[in-house]
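Source file: data.cif; contents: mmCIF, N, CA and C atoms.
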data_final
loop_
_atom_site.label_atom_id
_atom_site.label_comp_id
_atom_site.auth_asym_id
_atom_site.auth_seq_id
_atom_site.Cartn_x
_atom_site.Cartn_y
_atom_site.Cartn_z
N MET A 1 63.00 -26.62 -40.08
CA MET A 1 63.57 -27.17 -41.29
C MET A 1 65.07 -26.89 -41.33
N ASN A 2 65.51 -25.77 -40.79
CA ASN A 2 66.94 -25.47 -40.77
C ASN A 2 67.68 -26.38 -39.82
N ALA A 3 66.98 -26.90 -38.80
CA ALA A 3 67.62 -27.79 -37.85
C ALA A 3 67.99 -29.11 -38.51
N VAL A 4 67.31 -29.47 -39.56
CA VAL A 4 67.57 -30.72 -40.25
C VAL A 4 68.83 -30.61 -41.11
N LEU A 5 69.13 -29.41 -41.55
CA LEU A 5 70.28 -29.23 -42.43
C LEU A 5 71.57 -29.51 -41.66
N GLY A 6 72.54 -30.03 -42.36
CA GLY A 6 73.82 -30.32 -41.73
C GLY A 6 74.65 -29.05 -41.61
N LYS A 7 75.79 -29.18 -40.90
CA LYS A 7 76.66 -28.02 -40.71
C LYS A 7 77.21 -27.51 -42.04
N SER A 8 77.56 -28.40 -42.90
CA SER A 8 78.16 -28.00 -44.17
C SER A 8 77.18 -27.20 -45.01
N GLN A 9 75.90 -27.57 -44.98
CA GLN A 9 74.91 -26.84 -45.75
C GLN A 9 74.68 -25.46 -45.17
N GLN A 10 74.67 -25.36 -43.83
CA GLN A 10 74.46 -24.06 -43.20
C GLN A 10 75.61 -23.12 -43.48
N VAL A 11 76.81 -23.62 -43.43
CA VAL A 11 77.98 -22.79 -43.69
C VAL A 11 77.98 -22.33 -45.14
N THR A 12 77.64 -23.21 -46.06
CA THR A 12 77.66 -22.83 -47.46
C THR A 12 76.57 -21.82 -47.77
N GLU A 13 75.42 -21.93 -47.05
CA GLU A 13 74.36 -20.94 -47.29
C GLU A 13 74.81 -19.55 -46.87
N SER A 14 75.48 -19.44 -45.70
CA SER A 14 75.93 -18.12 -45.26
C SER A 14 77.06 -17.61 -46.16
N ALA A 15 77.83 -18.52 -46.71
CA ALA A 15 78.89 -18.10 -47.62
C ALA A 15 78.32 -17.57 -48.92
N HIS A 16 77.15 -18.09 -49.33
CA HIS A 16 76.53 -17.64 -50.56
C HIS A 16 75.65 -16.43 -50.36
N MET A 17 75.52 -15.95 -49.15
CA MET A 17 74.70 -14.75 -48.91
C MET A 17 75.38 -13.54 -49.52
N PRO A 18 74.60 -12.64 -49.99
CA PRO A 18 75.21 -11.39 -50.49
C PRO A 18 75.89 -10.66 -49.34
N VAL A 19 76.88 -9.88 -49.66
CA VAL A 19 77.69 -9.19 -48.66
C VAL A 19 76.85 -8.19 -47.87
N ASN A 20 75.94 -7.47 -48.54
CA ASN A 20 75.15 -6.46 -47.85
C ASN A 20 74.19 -7.10 -46.82
N GLU A 21 73.69 -8.32 -47.11
CA GLU A 21 72.83 -9.00 -46.14
C GLU A 21 73.62 -9.42 -44.92
N ARG A 22 74.87 -9.89 -45.12
CA ARG A 22 75.71 -10.27 -43.98
C ARG A 22 76.02 -9.05 -43.12
N ASP A 23 76.26 -7.93 -43.78
CA ASP A 23 76.55 -6.70 -43.02
C ASP A 23 75.31 -6.25 -42.24
N ASP A 24 74.12 -6.40 -42.85
CA ASP A 24 72.88 -6.04 -42.15
C ASP A 24 72.69 -6.90 -40.91
N HIS A 25 72.96 -8.20 -41.06
CA HIS A 25 72.83 -9.10 -39.91
C HIS A 25 73.84 -8.75 -38.83
N ALA A 26 75.04 -8.40 -39.24
CA ALA A 26 76.09 -8.06 -38.28
C ALA A 26 75.71 -6.79 -37.51
N THR A 27 75.19 -5.80 -38.21
CA THR A 27 74.79 -4.57 -37.51
C THR A 27 73.60 -4.81 -36.59
N GLN A 28 72.68 -5.67 -37.04
CA GLN A 28 71.54 -5.99 -36.18
C GLN A 28 71.98 -6.72 -34.93
N ILE A 29 72.92 -7.63 -35.08
CA ILE A 29 73.45 -8.36 -33.92
C ILE A 29 74.22 -7.40 -33.02
N ALA A 30 74.93 -6.46 -33.57
CA ALA A 30 75.68 -5.49 -32.77
C ALA A 30 74.74 -4.56 -32.02
N GLU A 31 73.57 -4.29 -32.56
CA GLU A 31 72.61 -3.40 -31.91
C GLU A 31 71.84 -4.10 -30.78
N LEU A 32 71.83 -5.41 -30.75
CA LEU A 32 71.08 -6.16 -29.74
C LEU A 32 71.48 -5.81 -28.30
N PRO A 33 72.76 -5.72 -27.94
CA PRO A 33 73.10 -5.36 -26.56
C PRO A 33 72.55 -3.98 -26.15
N ALA A 34 72.52 -3.06 -27.09
CA ALA A 34 71.96 -1.74 -26.77
C ALA A 34 70.48 -1.85 -26.47
N HIS A 35 69.77 -2.67 -27.23
CA HIS A 35 68.34 -2.86 -26.99
C HIS A 35 68.12 -3.57 -25.66
N VAL A 36 68.98 -4.52 -25.36
CA VAL A 36 68.85 -5.24 -24.09
C VAL A 36 69.09 -4.29 -22.93
N ARG A 37 70.09 -3.43 -23.04
CA ARG A 37 70.35 -2.44 -21.98
C ARG A 37 69.17 -1.50 -21.81
N HIS A 38 68.56 -1.12 -22.90
CA HIS A 38 67.39 -0.25 -22.83
C HIS A 38 66.24 -0.96 -22.12
N ILE A 39 66.02 -2.22 -22.45
CA ILE A 39 64.96 -2.99 -21.80
C ILE A 39 65.26 -3.16 -20.31
N GLN A 40 66.52 -3.41 -19.96
CA GLN A 40 66.89 -3.57 -18.56
C GLN A 40 66.66 -2.27 -17.79
N SER A 41 66.97 -1.13 -18.39
CA SER A 41 66.75 0.14 -17.70
C SER A 41 65.25 0.40 -17.52
N ASP A 42 64.46 0.02 -18.51
CA ASP A 42 63.00 0.16 -18.37
C ASP A 42 62.48 -0.72 -17.25
N ILE A 43 63.00 -1.92 -17.15
CA ILE A 43 62.56 -2.84 -16.09
C ILE A 43 62.94 -2.30 -14.72
N THR A 44 64.12 -1.73 -14.58
CA THR A 44 64.51 -1.16 -13.28
C THR A 44 63.63 0.03 -12.94
N ASP A 45 63.27 0.83 -13.93
CA ASP A 45 62.35 1.94 -13.67
C ASP A 45 60.99 1.43 -13.22
N ILE A 46 60.51 0.38 -13.87
CA ILE A 46 59.20 -0.19 -13.50
C ILE A 46 59.26 -0.74 -12.08
N LYS A 47 60.36 -1.41 -11.73
CA LYS A 47 60.50 -1.96 -10.39
C LYS A 47 60.50 -0.84 -9.35
N ALA A 48 61.18 0.26 -9.63
CA ALA A 48 61.22 1.38 -8.69
C ALA A 48 59.82 1.99 -8.52
N GLU A 49 59.09 2.13 -9.61
CA GLU A 49 57.73 2.67 -9.54
C GLU A 49 56.82 1.73 -8.76
N LEU A 50 56.99 0.42 -8.93
CA LEU A 50 56.19 -0.54 -8.18
C LEU A 50 56.49 -0.47 -6.69
N ARG A 51 57.75 -0.25 -6.33
CA ARG A 51 58.09 -0.12 -4.91
C ARG A 51 57.43 1.11 -4.30
N THR A 52 57.47 2.23 -5.01
CA THR A 52 56.84 3.43 -4.47
C THR A 52 55.32 3.26 -4.39
N LEU A 53 54.75 2.61 -5.39
CA LEU A 53 53.31 2.35 -5.37
C LEU A 53 52.95 1.43 -4.22
N SER A 54 53.78 0.44 -3.97
CA SER A 54 53.53 -0.48 -2.86
C SER A 54 53.60 0.27 -1.53
N GLN A 55 54.55 1.17 -1.38
CA GLN A 55 54.66 1.95 -0.15
C GLN A 55 53.43 2.85 0.04
N LYS A 56 52.98 3.46 -1.03
CA LYS A 56 51.80 4.32 -0.94
C LYS A 56 50.57 3.54 -0.54
N THR A 57 50.39 2.36 -1.14
CA THR A 57 49.21 1.56 -0.79
C THR A 57 49.30 1.06 0.65
N ASP A 58 50.50 0.72 1.11
CA ASP A 58 50.66 0.30 2.51
C ASP A 58 50.30 1.44 3.46
N GLU A 59 50.71 2.67 3.14
CA GLU A 59 50.38 3.82 3.97
C GLU A 59 48.87 4.05 3.99
N ARG A 60 48.24 3.93 2.85
CA ARG A 60 46.78 4.15 2.80
C ARG A 60 46.04 3.07 3.58
N PHE A 61 46.50 1.83 3.49
CA PHE A 61 45.85 0.78 4.26
C PHE A 61 46.06 0.97 5.76
N GLU A 62 47.22 1.50 6.15
CA GLU A 62 47.44 1.79 7.57
C GLU A 62 46.45 2.85 8.05
N LYS A 63 46.26 3.89 7.25
CA LYS A 63 45.29 4.94 7.61
C LYS A 63 43.88 4.36 7.68
N LEU A 64 43.55 3.49 6.75
CA LEU A 64 42.23 2.86 6.74
C LEU A 64 42.04 1.98 7.97
N ASN A 65 43.08 1.25 8.36
CA ASN A 65 43.00 0.43 9.57
C ASN A 65 42.80 1.28 10.82
N GLU A 66 43.45 2.45 10.86
CA GLU A 66 43.25 3.35 11.99
C GLU A 66 41.81 3.84 12.05
N LYS A 67 41.24 4.14 10.89
CA LYS A 67 39.85 4.59 10.87
C LYS A 67 38.91 3.48 11.33
N PHE A 68 39.17 2.24 10.92
CA PHE A 68 38.34 1.13 11.35
C PHE A 68 38.47 0.89 12.86
N ASP A 69 39.68 1.08 13.40
CA ASP A 69 39.84 0.94 14.84
C ASP A 69 39.02 1.98 15.58
N GLY A 70 39.03 3.21 15.07
CA GLY A 70 38.21 4.27 15.65
C GLY A 70 36.73 3.95 15.53
N LEU A 71 36.34 3.36 14.42
CA LEU A 71 34.95 2.98 14.22
C LEU A 71 34.54 1.88 15.19
N LYS A 72 35.44 0.94 15.46
CA LYS A 72 35.15 -0.12 16.42
C LYS A 72 34.88 0.47 17.81
N ASP A 73 35.72 1.43 18.22
CA ASP A 73 35.51 2.08 19.52
C ASP A 73 34.18 2.82 19.55
N SER A 74 33.84 3.48 18.46
CA SER A 74 32.59 4.21 18.38
C SER A 74 31.40 3.26 18.46
N LEU A 75 31.49 2.13 17.78
CA LEU A 75 30.40 1.15 17.83
C LEU A 75 30.26 0.55 19.23
N ALA A 76 31.35 0.34 19.92
CA ALA A 76 31.30 -0.21 21.27
C ALA A 76 30.57 0.77 22.19
N SER A 77 30.89 2.05 22.09
CA SER A 77 30.21 3.03 22.93
C SER A 77 28.74 3.17 22.53
N ALA A 78 28.43 3.02 21.25
CA ALA A 78 27.04 3.09 20.79
C ALA A 78 26.25 1.90 21.33
N LYS A 79 26.87 0.74 21.44
CA LYS A 79 26.20 -0.42 22.01
C LYS A 79 25.84 -0.17 23.47
N ILE A 80 26.74 0.42 24.19
CA ILE A 80 26.47 0.72 25.61
C ILE A 80 25.31 1.70 25.72
N TRP A 81 25.30 2.74 24.89
CA TRP A 81 24.20 3.70 24.89
C TRP A 81 22.88 3.02 24.53
N ALA A 82 22.89 2.16 23.54
CA ALA A 82 21.68 1.46 23.12
C ALA A 82 21.16 0.56 24.23
N LEU A 83 22.04 -0.13 24.92
CA LEU A 83 21.63 -0.97 26.04
C LEU A 83 21.01 -0.13 27.15
N GLY A 84 21.62 1.01 27.45
CA GLY A 84 21.07 1.92 28.47
C GLY A 84 19.69 2.44 28.07
N LEU A 85 19.52 2.83 26.81
CA LEU A 85 18.22 3.31 26.35
C LEU A 85 17.18 2.20 26.38
N TYR A 86 17.56 0.97 26.05
CA TYR A 86 16.63 -0.16 26.09
C TYR A 86 16.17 -0.41 27.53
N ILE A 87 17.08 -0.36 28.48
CA ILE A 87 16.72 -0.56 29.89
C ILE A 87 15.81 0.57 30.35
N ALA A 88 16.09 1.81 29.94
CA ALA A 88 15.23 2.94 30.33
C ALA A 88 13.84 2.79 29.73
N LEU A 89 13.75 2.33 28.49
CA LEU A 89 12.45 2.12 27.85
C LEU A 89 11.66 1.03 28.57
N ALA A 90 12.33 -0.07 28.89
CA ALA A 90 11.65 -1.15 29.61
C ALA A 90 11.20 -0.68 30.98
N GLY A 91 12.02 0.08 31.68
CA GLY A 91 11.64 0.61 33.00
C GLY A 91 10.45 1.54 32.92
N SER A 92 10.46 2.40 31.91
CA SER A 92 9.32 3.33 31.79
C SER A 92 8.04 2.58 31.43
N MET A 93 8.14 1.52 30.61
CA MET A 93 6.96 0.72 30.30
C MET A 93 6.43 0.02 31.54
N PHE A 94 7.31 -0.53 32.38
CA PHE A 94 6.87 -1.15 33.63
C PHE A 94 6.24 -0.12 34.57
N TYR A 95 6.78 1.09 34.57
CA TYR A 95 6.21 2.15 35.42
C TYR A 95 4.80 2.49 34.94
N VAL A 96 4.61 2.62 33.62
CA VAL A 96 3.28 2.94 33.08
C VAL A 96 2.31 1.80 33.37
N LEU A 97 2.74 0.55 33.22
CA LEU A 97 1.89 -0.59 33.54
C LEU A 97 1.52 -0.62 35.03
N ALA A 98 2.50 -0.40 35.87
CA ALA A 98 2.25 -0.41 37.31
C ALA A 98 1.31 0.72 37.70
N HIS A 99 1.47 1.87 37.10
CA HIS A 99 0.59 3.00 37.39
C HIS A 99 -0.82 2.73 36.86
N GLY A 100 -0.94 2.08 35.69
CA GLY A 100 -2.25 1.76 35.11
C GLY A 100 -3.00 0.71 35.91
N PHE A 101 -2.29 -0.26 36.46
CA PHE A 101 -2.94 -1.28 37.26
C PHE A 101 -3.05 -0.86 38.74
N ARG A 102 -2.67 0.36 39.03
CA ARG A 102 -2.71 0.96 40.39
C ARG A 102 -1.91 0.15 41.40
N TRP A 103 -0.75 -0.32 40.91
CA TRP A 103 0.18 -0.98 41.82
C TRP A 103 0.98 0.06 42.58
N LEU A 104 1.09 1.23 42.01
CA LEU A 104 1.85 2.31 42.64
C LEU A 104 0.93 3.40 43.10
#

Represent the structure from my file as structure tokens, please.
Amino acid sequence: MNAVLGKSQQVTESAHMPVNERDDHATQIAELPAHVRHIQSDITDIKAELRTLSQKTDERFEKLNEKFDGLKDSLASAKIWALGLYIALAGSMFYVLAHGFRWL
């Protein structure tokens, strides 16, 4: 609704404002840069904390990747052992069958 008012009406309204209200507005406007500086300092602090948090998470993921690499090696060796045990089991079963049928 204020956008519809002309310049002359807006100027006359501020001229008719009480003096103490104009002073209050002036002090509030003067305090705005201080509030903005405070918000900017908070944002820089948050950014710094996010950077350190990002570094910590990267370090933890690197450690986790190292553990998974070790686990991959362990699983590979376990597969070889399992294959060896399977061959030994099959050989022993064939030996028992051959002995039972008196092939040996």

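Atom pair atom N of Arg102 of chain A / atom N of Leu83 of chain A: separated by 28.5 Å.
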
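Here atom N of Glu62 of chain A stands at a distance of 26.4 Å from atom C of Ile43 of chain A.
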
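With atom C of Gln40 of chain A on one side and atom C of Asp58 of chain A on the other, the separation reads 27.1 Å.
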